[in-house]
Every structure is written in structure tokens, then in C-alpha cells.
$ cat upload-v9.pdb   # PDB, C-alpha atoms and all ligand atoms
MODEL        1
ATOM      1  CA  MET S 453     -11.489 -21.231   7.418
ATOM      2  CA  TYR S 454     -11.210 -18.024   5.411
ATOM      3  CA  GLU S 455      -7.813 -16.612   4.620
ATOM      4  CA  VAL S 456      -7.178 -13.005   3.605
ATOM      5  CA  ARG S 457      -3.937 -11.585   2.209
ATOM      6  CA  PHE S 458      -3.329  -7.834   2.264
ATOM      7  CA  HIS S 459      -0.889  -6.224  -0.186
ATOM      8  CA  GLY S 460       0.160  -2.738   0.876
ATOM      9  CA  ARG S 461       3.161  -0.499   1.214
ATOM     10  CA  GLY S 462       5.082   0.244   4.379
ATOM     11  CA  GLY S 463       3.227   3.042   6.171
ATOM     12  CA  GLN S 464      -0.196   2.386   4.588
ATOM     13  CA  GLY S 465      -1.450   0.456   7.585
ATOM     14  CA  ALA S 466      -1.980  -3.000   6.063
ATOM     15  CA  VAL S 467      -0.955  -4.518   9.386
ATOM     16  CA  MET S 468      -3.547  -2.582  11.388
ATOM     17  CA  ALA S 469      -6.185  -3.405   8.757
ATOM     18  CA  ALA S 470      -5.447  -7.128   9.165
ATOM     19  CA  GLN S 471      -5.703  -6.795  12.951
ATOM     20  CA  ALA S 472      -8.940  -4.800  12.824
ATOM     21  CA  LEU S 473     -10.477  -7.433  10.511
ATOM     22  CA  ALA S 474      -9.483 -10.129  13.007
ATOM     23  CA  SER S 475     -10.971  -8.065  15.832
ATOM     24  CA  ALA S 476     -14.217  -7.673  13.846
ATOM     25  CA  ALA S 477     -14.468 -11.460  13.410
ATOM     26  CA  PHE S 478     -13.815 -11.887  17.117
ATOM     27  CA  GLN S 479     -16.688  -9.453  17.886
ATOM     28  CA  GLU S 480     -18.966 -11.913  16.048
ATOM     29  CA  GLY S 481     -17.880 -14.819  18.225
ATOM     30  CA  GLY S 482     -15.382 -16.363  15.799
ATOM     31  CA  TYR S 483     -11.684 -17.143  16.051
ATOM     32  CA  ALA S 484      -9.163 -15.028  14.176
ATOM     33  CA  THR S 485      -5.426 -14.446  13.799
ATOM     34  CA  ALA S 486      -3.546 -11.608  12.096
ATOM     35  CA  PHE S 487       0.137 -10.963  11.445
ATOM     36  CA  PRO S 488       2.395  -9.150   8.973
ATOM     37  CA  PHE S 489       5.346 -10.076   6.794
ATOM     38  CA  PHE S 490       7.962  -7.508   5.894
ATOM     39  CA  GLY S 491      11.711  -7.386   5.544
ATOM     40  CA  ALA S 492      14.044  -4.521   6.290
ATOM     41  CA  GLU S 493      12.493  -2.374   3.584
ATOM     42  CA  ARG S 494      11.886   1.315   4.011
ATOM     43  CA  ARG S 495       8.572   3.145   4.206
ATOM     44  CA  GLY S 496       6.697   2.714   0.929
ATOM     45  CA  ALA S 497       8.100  -0.712   0.009
ATOM     46  CA  PRO S 498       5.636  -3.601  -0.599
ATOM     47  CA  VAL S 499       4.488  -5.398   2.587
ATOM     48  CA  LEU S 500       2.097  -8.263   3.276
ATOM     49  CA  ALA S 501      -0.324  -8.844   6.121
ATOM     50  CA  PHE S 502      -2.610 -11.808   6.736
ATOM     51  CA  THR S 503      -5.872 -12.559   8.545
ATOM     52  CA  ARG S 504      -7.399 -15.965   9.183
ATOM     53  CA  ILE S 505     -11.006 -16.320  10.331
ATOM     54  CA  ASP S 506     -12.743 -19.501  11.442
ATOM     55  CA  LYS S 507     -15.508 -20.812  13.676
ATOM     56  CA  LYS S 508     -12.984 -23.187  15.276
ATOM     57  CA  ARG S 509      -9.599 -22.586  16.887
ATOM     58  CA  ILE S 510      -6.897 -21.751  14.331
ATOM     59  CA  TYR S 511      -3.654 -23.699  14.504
ATOM     60  CA  ARG S 512      -2.184 -22.796  11.108
ATOM     61  CA  LYS S 513       0.693 -20.364  11.602
ATOM     62  CA  THR S 514       2.172 -20.003   8.111
ATOM     63  CA  GLN S 515       1.849 -17.067   5.769
ATOM     64  CA  VAL S 516      -1.288 -17.205   3.621
ATOM     65  CA  TYR S 517      -0.285 -18.807   0.324
ATOM     66  CA  GLU S 518      -3.762 -19.715  -0.975
ATOM     67  CA  PRO S 519      -6.038 -16.835   0.028
ATOM     68  CA  ASP S 520      -9.806 -16.717  -0.374
ATOM     69  CA  PHE S 521      -9.583 -12.930  -0.588
ATOM     70  CA  VAL S 522      -6.798 -10.633  -1.735
ATOM     71  CA  VAL S 523      -6.913  -6.994  -0.640
ATOM     72  CA  ILE S 524      -4.784  -4.421  -2.495
ATOM     73  CA  LEU S 525      -4.283  -1.122  -0.721
ATOM     74  CA  ASP S 526      -2.211   0.373  -3.521
ATOM     75  CA  GLU S 527      -3.204  -0.269  -7.132
ATOM     76  CA  GLY S 528       0.405   0.346  -8.269
ATOM     77  CA  LEU S 529       1.366  -2.978  -6.679
ATOM     78  CA  VAL S 530      -0.469  -4.812  -9.459
ATOM     79  CA  ASP S 531       2.425  -3.784 -11.750
ATOM     80  CA  THR S 532       5.155  -5.055  -9.446
ATOM     81  CA  VAL S 533       3.809  -8.109  -7.590
ATOM     82  CA  ASN S 534       1.743 -11.138  -8.654
ATOM     83  CA  VAL S 535      -1.059 -10.172  -6.289
ATOM     84  CA  VAL S 536      -3.304 -13.081  -7.291
ATOM     85  CA  GLU S 537      -0.673 -15.766  -6.683
ATOM     86  CA  GLY S 538      -2.370 -18.801  -5.096
ATOM     87  CA  LEU S 539      -5.835 -17.201  -5.044
ATOM     88  CA  LYS S 540      -8.409 -19.973  -4.534
ATOM     89  CA  LYS S 541     -10.850 -20.809  -7.319
ATOM     90  CA  GLY S 542     -13.908 -18.610  -6.746
ATOM     91  CA  GLY S 543     -11.837 -16.198  -4.663
ATOM     92  CA  MET S 544     -12.137 -12.442  -4.806
ATOM     93  CA  VAL S 545      -9.879  -9.402  -5.148
ATOM     94  CA  ILE S 546     -10.612  -6.034  -3.523
ATOM     95  CA  VAL S 547      -8.683  -3.050  -4.897
ATOM     96  CA  ASN S 548      -8.226   0.539  -3.777
ATOM     97  CA  THR S 549      -8.757   2.387  -7.055
ATOM     98  CA  ALA S 550     -10.991   5.006  -8.635
ATOM     99  CA  LYS S 551     -11.667   2.570 -11.514
ATOM    100  CA  LYS S 552     -14.659   0.278 -12.024
ATOM    101  CA  PRO S 553     -14.037  -3.475 -11.482
ATOM    102  CA  GLU S 554     -14.074  -4.253 -15.207
ATOM    103  CA  GLU S 555     -11.346  -1.636 -15.783
ATOM    104  CA  VAL S 556      -8.879  -3.333 -13.412
ATOM    105  CA  ASP S 557      -6.674  -6.116 -14.811
ATOM    106  CA  VAL S 558      -4.929  -8.345 -12.288
ATOM    107  CA  GLY S 559      -3.944 -10.962 -14.878
ATOM    108  CA  ILE S 560      -6.812 -13.477 -14.413
ATOM    109  CA  ASP S 561     -10.612 -13.583 -14.735
ATOM    110  CA  VAL S 562     -11.859 -12.948 -11.230
ATOM    111  CA  LYS S 563     -14.607 -11.499  -9.030
ATOM    112  CA  LEU S 564     -13.348  -8.052  -8.125
ATOM    113  CA  ALA S 565     -14.563  -5.149  -5.988
ATOM    114  CA  THR S 566     -13.245  -1.602  -6.142
ATOM    115  CA  VAL S 567     -13.394   1.393  -3.842
ATOM    116  CA  ASP S 568     -11.567   4.716  -4.037
ATOM    117  CA  ALA S 569     -10.233   4.346  -0.500
ATOM    118  CA  THR S 570      -7.656   7.112  -1.028
ATOM    119  CA  THR S 571     -10.364   9.690  -1.774
ATOM    120  CA  VAL S 572     -12.485   8.448   1.152
ATOM    121  CA  ALA S 573      -9.469   8.737   3.472
ATOM    122  CA  LEU S 574      -8.649  12.238   2.243
ATOM    123  CA  GLU S 575     -12.271  13.345   2.725
ATOM    124  CA  VAL S 576     -12.793  11.815   6.170
ATOM    125  CA  LEU S 577      -9.319  11.607   7.736
ATOM    126  CA  LYS S 578      -7.640  14.438   5.755
ATOM    127  CA  GLN S 579      -4.723  12.139   4.989
ATOM    128  CA  PRO S 580      -4.206   9.229   2.556
ATOM    129  CA  ALA S 581      -4.374   6.461   5.205
ATOM    130  CA  THR S 582      -6.437   3.912   3.285
ATOM    131  CA  ASN S 583      -6.488   0.992   5.711
ATOM    132  CA  SER S 584      -9.785   1.748   7.478
ATOM    133  CA  ALA S 585     -11.610   2.588   4.252
ATOM    134  CA  ILE S 586     -10.533  -0.682   2.629
ATOM    135  CA  LEU S 587     -11.995  -2.549   5.629
ATOM    136  CA  GLY S 588     -15.430  -1.122   4.774
ATOM    137  CA  ALA S 589     -14.986  -2.490   1.257
ATOM    138  CA  ILE S 590     -14.061  -5.922   2.658
ATOM    139  CA  ALA S 591     -17.289  -6.030   4.688
ATOM    140  CA  LYS S 592     -19.362  -5.107   1.636
ATOM    141  CA  ALA S 593     -17.594  -7.333  -0.893
ATOM    142  CA  THR S 594     -16.980 -10.507   1.111
ATOM    143  CA  GLY S 595     -19.738 -10.662   3.714
ATOM    144  CA  LEU S 596     -17.085 -12.190   6.005
ATOM    145  CA  VAL S 597     -18.077  -9.791   8.793
ATOM    146  CA  LYS S 598     -20.756  -7.126   9.227
ATOM    147  CA  ILE S 599     -19.868  -3.458   8.775
ATOM    148  CA  GLU S 600     -20.945  -2.873  12.403
ATOM    149  CA  SER S 601     -18.309  -5.392  13.544
ATOM    150  CA  ILE S 602     -15.701  -3.727  11.328
ATOM    151  CA  GLU S 603     -16.529  -0.404  13.002
ATOM    152  CA  LYS S 604     -16.097  -1.985  16.432
ATOM    153  CA  GLY S 605     -12.852  -3.670  15.342
ATOM    154  CA  ILE S 606     -11.466  -0.356  14.063
ATOM    155  CA  ILE S 607     -12.478   1.501  17.213
ATOM    156  CA  GLN S 608     -10.697  -1.154  19.267
ATOM    157  CA  VAL S 609      -7.469  -1.511  17.225
ATOM    158  CA  PHE S 610      -7.066   2.050  15.914
ATOM    159  CA  GLY S 611      -8.513   3.626  19.058
ATOM    160  CA  ASP S 612      -6.074   1.725  21.313
ATOM    161  CA  ARG S 613      -3.055   2.879  19.290
ATOM    162  CA  LEU S 614      -4.079   6.316  18.081
ATOM    163  CA  GLY S 615      -6.728   7.475  20.545
ATOM    164  CA  PRO S 616     -10.543   7.220  20.601
ATOM    165  CA  LYS S 617     -11.151  10.242  18.362
ATOM    166  CA  ILE S 618      -8.998   8.823  15.568
ATOM    167  CA  GLY S 619     -10.639   5.425  16.111
ATOM    168  CA  ASP S 620     -14.098   6.955  15.555
ATOM    169  CA  LEU S 621     -12.969   8.843  12.454
ATOM    170  CA  ASN S 622     -11.513   5.673  10.944
ATOM    171  CA  ALA S 623     -14.739   3.800  11.657
ATOM    172  CA  LYS S 624     -16.545   6.565   9.758
ATOM    173  CA  ALA S 625     -14.138   6.152   6.812
ATOM    174  CA  ALA S 626     -14.959   2.411   6.739
ATOM    175  CA  ARG S 627     -18.706   3.155   6.632
ATOM    176  CA  VAL S 628     -18.322   5.684   3.790
ATOM    177  CA  ALA S 629     -16.182   3.212   1.817
ATOM    178  CA  TYR S 630     -18.737   0.440   2.481
ATOM    179  CA  ASP S 631     -21.414   2.559   0.792
ATOM    180  CA  ARG S 632     -19.158   3.375  -2.190
ATOM    181  CA  THR S 633     -17.788  -0.116  -2.896
ATOM    182  CA  VAL S 634     -18.583  -1.423  -6.377
ATOM    183  CA  LEU S 635     -18.851  -5.180  -6.955
ATOM    184  CA  GLY S 636     -18.131  -6.750 -10.323
ATOM    185  CA  GLU S 637     -15.812  -8.908 -12.365
ATOM    186  CA  SER S 638     -12.611  -8.305 -14.262
ATOM    187  CA  HIS S 639     -10.871 -10.119 -17.086
ATOM    188  CA  GLY S 640      -7.154 -10.792 -17.169
ATOM    189  CA  HIS S 641      -5.149  -9.703 -20.202
ATOM    190  CA  ARG S 642      -1.853  -8.615 -18.699
ATOM    191  CA  PRO S 643       0.921 -11.194 -18.210
ATOM    192  CA  LEU S 644       1.276 -12.265 -14.595
ATOM    193  CA  LYS S 645       4.464 -11.211 -12.823
ATOM    194  CA  THR S 646       6.716 -14.148 -12.137
ATOM    195  CA  ALA S 647       7.883 -14.366  -8.550
ATOM    196  CA  LYS S 648      11.348 -12.933  -8.020
ATOM    197  CA  LYS S 649      13.600 -13.901  -5.150
ATOM    198  CA  TRP S 650      12.931 -11.570  -2.224
ATOM    199  CA  LEU S 651      16.605 -10.962  -1.419
ATOM    200  CA  PRO S 652      19.980 -11.638  -3.019
ATOM    201  CA  ASP S 653      21.628 -14.826  -1.844
ATOM    202  CA  VAL S 654      24.415 -14.154   0.664
ATOM    203  CA  ASN S 655      26.905 -15.807  -1.714
ATOM    204  CA  GLU S 656      26.025 -13.324  -4.446
ATOM    205  CA  LEU S 657      26.844 -10.291  -2.283
ATOM    206  CA  PRO S 658      30.202  -8.538  -2.685
ATOM    207  CA  MET S 659      32.668  -8.775   0.199
ATOM    208  CA  GLY S 660      32.848  -5.638   2.368
ATOM    209  CA  VAL S 661      31.425  -2.412   0.932
ATOM    210  CA  ALA S 662      30.170  -2.654  -2.644
ATOM    211  CA  SER S 663      32.060  -0.125  -4.750
ATOM    212  CA  ILE S 664      30.480  -0.995  -8.082
ATOM    213  CA  PRO S 665      26.916  -2.101  -8.948
ATOM    214  CA  MET S 666      26.523  -5.885  -9.084
ATOM    215  CA  LYS S 667      23.757  -7.836 -10.830
ATOM    216  CA  THR S 668      22.117 -10.592  -8.751
ATOM    217  CA  GLU S 669      19.024 -12.682  -9.429
ATOM    218  CA  ALA S 670      17.060 -10.381  -7.134
ATOM    219  CA  GLY S 671      18.250  -7.234  -8.912
ATOM    220  CA  THR S 672      21.223  -4.900  -8.667
ATOM    221  CA  VAL S 673      23.015  -4.319  -5.353
ATOM    222  CA  GLY S 674      25.552  -1.593  -4.576
ATOM    223  CA  PRO S 675      25.796   1.996  -5.855
ATOM    224  CA  GLY S 676      23.015   3.051  -8.219
ATOM    225  CA  SER S 677      20.790   0.057  -7.381
ATOM    226  CA  PHE S 678      17.944   2.418  -6.412
ATOM    227  CA  ARG S 679      17.596   3.344 -10.110
ATOM    228  CA  GLU S 680      15.848  -0.009 -10.683
ATOM    229  CA  ASN S 681      13.170   0.859  -8.153
ATOM    230  CA  LYS S 682      10.830   3.379  -9.751
ATOM    231  CA  THR S 683       9.336   4.816  -6.578
ATOM    232  CA  GLY S 684       7.150   7.248  -8.549
ATOM    233  CA  ASN S 685       4.209   4.831  -8.419
ATOM    234  CA  TRP S 686       4.124   5.054  -4.597
ATOM    235  CA  ARG S 687       2.876   8.637  -4.851
ATOM    236  CA  VAL S 688      -0.504  10.062  -3.794
ATOM    237  CA  PHE S 689       0.572  13.739  -3.770
ATOM    238  CA  ARG S 690       3.095  15.357  -6.116
ATOM    239  CA  PRO S 691       5.188  18.484  -5.601
ATOM    240  CA  GLU S 692       4.044  21.544  -7.536
ATOM    241  CA  TYR S 693       6.989  23.905  -8.048
ATOM    242  CA  ASP S 694       6.706  27.691  -8.320
ATOM    243  CA  LYS S 695       9.846  28.995 -10.034
ATOM    244  CA  GLU S 696       8.953  32.622  -9.272
ATOM    245  CA  LYS S 697       9.177  32.001  -5.516
ATOM    246  CA  CYS S 698      12.291  29.792  -5.682
ATOM    247  CA  THR S 699      15.512  31.361  -4.373
ATOM    248  CA  MET S 700      17.670  28.401  -5.522
ATOM    249  CA  CYS S 701      18.757  27.677  -1.943
ATOM    250  CA  ASN S 702      19.018  23.908  -2.786
ATOM    251  CA  PHE S 703      17.362  22.797   0.484
ATOM    252  CA  CYS S 704      14.893  20.599  -1.413
ATOM    253  CA  TRP S 705      17.754  18.965  -3.360
ATOM    254  CA  PHE S 706      19.584  18.304  -0.104
ATOM    255  CA  TYR S 707      16.643  16.808   1.809
ATOM    256  CA  CYS S 708      14.880  14.747  -0.910
ATOM    257  CA  PRO S 709      15.300  11.108   0.217
ATOM    258  CA  GLU S 710      15.025   9.805  -3.365
ATOM    259  CA  GLY S 711      17.604  12.197  -4.840
ATOM    260  CA  CYS S 712      15.101  13.053  -7.537
ATOM    261  CA  ILE S 713      15.465  16.865  -7.498
ATOM    262  CA  ASP S 714      18.047  18.432  -9.784
ATOM    263  CA  ARG S 715      19.319  21.952 -10.286
ATOM    264  CA  ASN S 716      18.781  22.854 -13.931
ATOM    265  CA  GLY S 717      20.104  26.336 -14.737
ATOM    266  CA  ASP S 718      17.910  28.788 -12.866
ATOM    267  CA  ARG S 719      15.262  26.264 -11.803
ATOM    268  CA  MET S 720      14.831  22.990  -9.932
ATOM    269  CA  ASP S 721      13.574  19.893 -11.784
ATOM    270  CA  PHE S 722      11.658  17.019 -10.160
ATOM    271  CA  ASP S 723      11.907  13.497 -11.602
ATOM    272  CA  MET S 724       8.388  12.088 -11.297
ATOM    273  CA  GLY S 725       9.643   8.603 -12.140
ATOM    274  CA  TYR S 726      11.167   8.479  -8.666
ATOM    275  CA  CYS S 727       9.328  11.136  -6.576
ATOM    276  CA  LYS S 728       7.374   9.117  -3.994
ATOM    277  CA  GLY S 729       5.368  12.133  -2.806
ATOM    278  CA  CYS S 730       6.702  12.224   0.742
ATOM    279  CA  GLY S 731       6.377  16.033   0.905
ATOM    280  CA  ILE S 732       9.737  16.591   2.627
ATOM    281  CA  CYS S 733      10.821  19.094  -0.053
ATOM    282  CA  ALA S 734       7.653  21.179   0.490
ATOM    283  CA  ASN S 735       8.166  21.019   4.237
ATOM    284  CA  GLU S 736      11.777  22.163   4.040
ATOM    285  CA  CYS S 737      11.443  24.847   1.372
ATOM    286  CA  PRO S 738      11.947  28.197   3.190
ATOM    287  CA  ALA S 739      10.426  30.169   0.287
ATOM    288  CA  GLU S 740       7.219  28.084   0.132
ATOM    289  CA  ALA S 741       7.956  27.470  -3.526
ATOM    290  CA  ILE S 742       6.707  23.849  -3.366
ATOM    291  CA  LYS S 743       3.133  22.800  -2.709
ATOM    292  CA  MET S 744       1.974  19.178  -2.515
ATOM    293  CA  VAL S 745      -1.049  18.564  -4.760
ATOM    294  CA  ARG S 746      -2.934  15.447  -5.782
TER     295      ARG S 746
HETATM  296  S1  LIG L   1       7.986  14.784  -2.499
HETATM  297 FE1  LIG L   1       9.818  16.039  -2.708
HETATM  298  S2  LIG L   1      11.234  15.200  -1.193
HETATM  299 FE2  LIG L   1       9.662  13.663  -1.474
HETATM  300  S3  LIG L   1      10.456  12.300  -3.054
HETATM  301 FE3  LIG L   1       9.231  13.857  -4.112
HETATM  302  S4  LIG L   1      10.670  15.430  -4.690
HETATM  303 FE4  LIG L   1      11.678  14.178  -3.140
HETATM  304  S1  LIG L   2      13.985  24.580  -1.228
HETATM  305 FE1  LIG L   2      12.517  25.914  -2.231
HETATM  306  S2  LIG L   2      13.610  27.809  -2.582
HETATM  307 FE2  LIG L   2      15.145  26.266  -2.132
HETATM  308  S3  LIG L   2      15.745  25.488  -4.155
HETATM  309 FE3  LIG L   2      14.104  24.165  -3.426
HETATM  310  S4  LIG L   2      12.248  25.057  -4.281
HETATM  311 FE4  LIG L   2      13.831  26.607  -4.440
ENDMDL
END

$ encode --input "upload-v9.pdb" --output "C-alpha cells"
Amino acid sequence: MYEVRFHGRGGQGAVMAAQALASAAFQEGGYATAFPFFGAERRGAPVLAFTRIDKKRIYRKTQVYEPDFVVILDEGLVDTVNVVEGLKKGGMVIVNTAKKPEEVDVGIDVKLATVDATTVALEVLKQPATNSAILGAIAKATGLVKIESIEKGIIQVFGDRLGPKIGDLNAKAARVAYDRTVLGESHGHRPLKTAKKWLPDVNELPMGVASIPMKTEAGTVGPGSFRENKTGNWRVFRPEYDKEKCTMCNFCWFYCPEGCIDRNGDRMDFDMGYCKGCGICANECPAEAIKMVR
């Protein structure tokens, strides 16, 4: 049995990628299962998805703790999660990044493949949905399934949910990524992240509404706790601000879900440590003073 663990962020489509990989294996006559794991986190928070592939029926139902392959849809996750935890000896990591394999450090010496799935997605789909492109890289790097089966799997899973046209486009993104995937090795120098509890224990939580920040083993809860979560590394696009067009209406300040826009004299300032690149400010700005750029 082969086990694959996907690390992505809410909204990146890790779950559909896991399902399309399972569908591809099924096209080749094998057995496959796929399922996600996420809590109550918002869009952009780390999520996991899993695929198991075998020639025989699969009875194992747990999360994948000892994967043969780890797939990382967002390179920024390498800084926040121990992505290689439990990776089998001889296993492989596949990363969405513009870097070469030897330039990526996941904390251990490992076979590693890279593909700039974000650029492929922007070119083919016109949006940074990297899940189909990363599937092309999986076919190239692992040989688990053929690229033709991946294309069929995408057309089935993506096409069913999003329509046949989108299914075809995503299959094209997978093929382009397949051709651009670079295989290699990387050496680990960075310290591995130690696993942190996923959630505070119920006994650590304050009674009723928290009125002051409280430290727990899993981090701070209550007012101001979001400051610990630097959402700036979730970003693909960043807001570009044109002060000349700005009328200081404060709409962007009001709508920004991260509260990272501040009025500073006669201009607005954007805190890139927290801006997650959602584009809401650009959408809401009546003066078109904000443009989202890569
Ligand atoms: S893109 Fe705009 S609205 Fe979204 S987080 Fe960044 S500053 Fe806030
Ligand atoms: S919404 Fe646009 S015009 Fe209004 S303050 Fe923000 S940048 Fe300026």
C-alpha cells in the first residue's frame, strides 16, 4: 500500500487533489481511499488530506501517520508544520515552489521534487488554485499513477463539482506541471518543528467570554491571540496602494478581515506581516486605489 499525505491551506483544494489522485488510481484498476482532516479553522489555515492506494482492498481508516509521499501545496507551511513527520525511509517530498529541489530545506535529507504550481495555475487557470498542477507533479515524481490517469481523475472529480470546462482546464494544468517538475534531492539543515497540540485543552480555557489574553500550551486564546498567527505567509498576491487615488474613505480598513490596514496621517498603511492577500480591500475600494499584484 502507498500512503500520501497532502499539506495545504483551507481553500487551496488539497481535499480535491487527494480525491482526484484516488480516482486516478481507480482508473488503473487499483483500490484507493481519500479523506481530509481539518478543524474549525478559517480559509487559509493549514489542512491535511490523505490518499491510500493499493492493489488490494483497503481497510485502514486512520489518518496517514507514516506516508510514503508528502505533498506540500504551500511552501510557507514548511516554516510552521513538521511536514516530514513520520515520512518512511526512502520516501519522497513534492513541493509547490519556484526553487530547485536542492534549494528547499524540509529538515532532513530526502528525495524531493519541485514544481512552480502557483505559476502554472495562474497561467492556465488564471487563479492560484494549485491542486491540479501539483497532481501532475505527483505523477511525474512518484510514478504511482500515469499522467493520463491523473487527467481522467481530475476531469471526473473537478468536472463533477465545477463543470466539464473547468475539469478540462485543470487537467491541462496537471499536464503542464508534469512537464515542468524537477526531480532531485535536498539536505536538511533547519531544525524540525516540534509538534504542538492542535487545540487548547478545555480545562485551560477561560470560563465564559475571554476578556484578557490567556497563554495555553497551544498558544494564546482570547483578545489579541491573532497576533501570534502571522498570516502574511499565506499570500500569493499583495495589495499595491496608490496614494494619489485614495480618498481616505476607510472602506479598506473596515473590510480587511485581518485588521492589517491602518490610517497613517494622509495615507493608508498595509502590514505585510499579516496581509493574507485575500483581495477584499481592492474589491471594496471605490476609488480603485488598490491593485492586487504578485
Ligand atoms: S488583501 Fe487587503 S483585505 Fe486582504 S488581508 Fe491584505 S490588506 Fe487585508
Ligand atoms: S478604500 Fe480605497 S479610497 Fe478608501 S481608504 Fe482604502 S485605499 Fe483609500

$ residues_near_ligand --input "upload-v9.pdb" --ligand "ligand LIG 1 (chain L)" --cutoff "6 Å" --atoms "only C-alpha atoms and all ligand atoms" --output "list of chain:residue names"
S:Pro691, S:Cys708, S:Pro709, S:Glu710, S:Cys712, S:Ile713, S:Phe722, S:Cys727, S:Lys728, S:Gly729, S:Cys730, S:Gly731, S:Ile732, S:Cys733

$ residues_near_ligand --input "upload-v9.pdb" --ligand "ligand LIG 2 (chain L)" --cutoff "7 Å" --atoms "only C-alpha atoms and all ligand atoms" --output "list in words"
Tyr693, Lys697, Cys698, Thr699, Met700, Cys701, Asn702, Phe703, Cys704, Trp705, Met720, Cys733, Glu736, Cys737, Pro738, Ala739, Glu740, Ala741 and Ile742 of chain S

$ resolve_selection --input "upload-v9.pdb" --expression "the PyMOL selection byres (((chain S and resi 626-628) around 12) and not hetatm)" --output "ChimeraX atom specification"
/S:469,472-473,567-577,581-592,598-607,619-625,629-633

$ resolve_selection --input "upload-v9.pdb" --expression "the PyMOL selection byres (((chain S and resi 504) around 12) and not hetatm)" --output "ChimeraX atom specification"
/S:453-458,470-478,482-488,501-503,505-521,596

$ atom_distance --input "upload-v9.pdb" --atom1 "atom CA of Glu637 of chain S" --atom2 "atom CA of Thr566 of chain S"
9.9 Å

$ resolve_selection --input "upload-v9.pdb" --expression "the PyMOL selection byres (((chain S and resi 526-537) around 10) and not hetatm)" --output "ChimeraX atom specification"
/S:457-461,464,497-498,517-519,521-525,538-540,543-545,547-551,556-560,562,569-570,582,642-648,684-688

$ write_last_selection --input "upload-v9.pdb" --atoms "C-alpha atoms" --output "compact mmCIF listing (two decimals), in the frame of the given file"
# COMPACT_ATOMS: atom_id res chain seq x y z
CA ARG S 457 -3.94 -11.58 2.21
CA PHE S 458 -3.33 -7.83 2.26
CA HIS S 459 -0.89 -6.22 -0.19
CA GLY S 460 0.16 -2.74 0.88
CA ARG S 461 3.16 -0.50 1.21
CA GLN S 464 -0.20 2.39 4.59
CA ALA S 497 8.10 -0.71 0.01
CA PRO S 498 5.64 -3.60 -0.60
CA TYR S 517 -0.28 -18.81 0.32
CA GLU S 518 -3.76 -19.72 -0.98
CA PRO S 519 -6.04 -16.84 0.03
CA PHE S 521 -9.58 -12.93 -0.59
CA VAL S 522 -6.80 -10.63 -1.74
CA VAL S 523 -6.91 -6.99 -0.64
CA ILE S 524 -4.78 -4.42 -2.50
CA LEU S 525 -4.28 -1.12 -0.72
CA GLY S 538 -2.37 -18.80 -5.10
CA LEU S 539 -5.84 -17.20 -5.04
CA LYS S 540 -8.41 -19.97 -4.53
CA GLY S 543 -11.84 -16.20 -4.66
CA MET S 544 -12.14 -12.44 -4.81
CA VAL S 545 -9.88 -9.40 -5.15
CA VAL S 547 -8.68 -3.05 -4.90
CA ASN S 548 -8.23 0.54 -3.78
CA THR S 549 -8.76 2.39 -7.06
CA ALA S 550 -10.99 5.01 -8.64
CA LYS S 551 -11.67 2.57 -11.51
CA VAL S 556 -8.88 -3.33 -13.41
CA ASP S 557 -6.67 -6.12 -14.81
CA VAL S 558 -4.93 -8.35 -12.29
CA GLY S 559 -3.94 -10.96 -14.88
CA ILE S 560 -6.81 -13.48 -14.41
CA VAL S 562 -11.86 -12.95 -11.23
CA ALA S 569 -10.23 4.35 -0.50
CA THR S 570 -7.66 7.11 -1.03
CA THR S 582 -6.44 3.91 3.28
CA ARG S 642 -1.85 -8.62 -18.70
CA PRO S 643 0.92 -11.19 -18.21
CA LEU S 644 1.28 -12.26 -14.60
CA LYS S 645 4.46 -11.21 -12.82
CA THR S 646 6.72 -14.15 -12.14
CA ALA S 647 7.88 -14.37 -8.55
CA LYS S 648 11.35 -12.93 -8.02
CA GLY S 684 7.15 7.25 -8.55
CA ASN S 685 4.21 4.83 -8.42
CA TRP S 686 4.12 5.05 -4.60
CA ARG S 687 2.88 8.64 -4.85
CA VAL S 688 -0.50 10.06 -3.79

$ atom_distance --input "upload-v9.pdb" --atom1 "atom CA of Arg690 of chain S" --atom2 "atom CA of Lys578 of chain S"
16.0 Å

$ atom_distance --input "upload-v9.pdb" --atom1 "atom CA of Met744 of chain S" --atom2 "atom CA of Phe689 of chain S"
5.8 Å

$ closest_residue --input "upload-v9.pdb" --among "S:Ala565, S:Glu480, S:Asp721, S:Val499" --to "Gly462 of chain S" --atoms "only C-alpha atoms"
S:Val499

$ closest_residue --input "upload-v9.pdb" --among "S:Gly717, S:Ser638, S:Gly481, S:Thr594" --to "Lys552 of chain S" --atoms "all atoms listed in the file"
S:Ser638

$ decode --input "upload-v9.pdb" --residues "segment 568-599 of chain S" --atoms "C-alpha atoms" --output "PDB file, in the first residue's frame"
ATOM      1  CA  ASP S 568       6.015  26.036  -9.510  1.00  0.00           C
ATOM      2  CA  ALA S 569       2.362  25.013  -9.343  1.00  0.00           C
ATOM      3  CA  THR S 570       1.256  28.563  -8.482  1.00  0.00           C
ATOM      4  CA  THR S 571       2.690  29.950 -11.731  1.00  0.00           C
ATOM      5  CA  VAL S 572       1.232  27.039 -13.730  1.00  0.00           C
ATOM      6  CA  ALA S 573      -2.189  27.661 -12.157  1.00  0.00           C
ATOM      7  CA  LEU S 574      -2.021  31.391 -12.867  1.00  0.00           C
ATOM      8  CA  GLU S 575      -1.036  30.739 -16.498  1.00  0.00           C
ATOM      9  CA  VAL S 576      -3.609  28.031 -17.221  1.00  0.00           C
ATOM     10  CA  LEU S 577      -6.485  28.674 -14.795  1.00  0.00           C
ATOM     11  CA  LYS S 578      -5.921  32.434 -14.242  1.00  0.00           C
ATOM     12  CA  GLN S 579      -6.155  31.893 -10.496  1.00  0.00           C
ATOM     13  CA  PRO S 580      -3.765  30.471  -7.866  1.00  0.00           C
ATOM     14  CA  ALA S 581      -5.591  27.126  -7.437  1.00  0.00           C
ATOM     15  CA  THR S 582      -2.581  24.816  -7.232  1.00  0.00           C
ATOM     16  CA  ASN S 583      -4.237  21.465  -6.562  1.00  0.00           C
ATOM     17  CA  SER S 584      -4.475  20.195 -10.152  1.00  0.00           C
ATOM     18  CA  ALA S 585      -0.956  21.317 -11.048  1.00  0.00           C
ATOM     19  CA  ILE S 586       0.530  19.525  -8.037  1.00  0.00           C
ATOM     20  CA  LEU S 587      -1.184  16.316  -9.213  1.00  0.00           C
ATOM     21  CA  GLY S 588       0.850  16.476 -12.439  1.00  0.00           C
ATOM     22  CA  ALA S 589       3.985  16.715 -10.304  1.00  0.00           C
ATOM     23  CA  ILE S 590       2.890  13.670  -8.272  1.00  0.00           C
ATOM     24  CA  ALA S 591       2.526  11.601 -11.455  1.00  0.00           C
ATOM     25  CA  LYS S 592       5.987  12.634 -12.647  1.00  0.00           C
ATOM     26  CA  ALA S 593       7.805  12.320  -9.319  1.00  0.00           C
ATOM     27  CA  THR S 594       6.270   9.162  -7.855  1.00  0.00           C
ATOM     28  CA  GLY S 595       5.202   7.037 -10.812  1.00  0.00           C
ATOM     29  CA  LEU S 596       2.257   5.981  -8.613  1.00  0.00           C
ATOM     30  CA  VAL S 597      -0.157   6.659 -11.481  1.00  0.00           C
ATOM     31  CA  LYS S 598       0.208   7.720 -15.115  1.00  0.00           C
ATOM     32  CA  ILE S 599      -0.369  11.347 -16.095  1.00  0.00           C
TER      33      ILE S 599
END
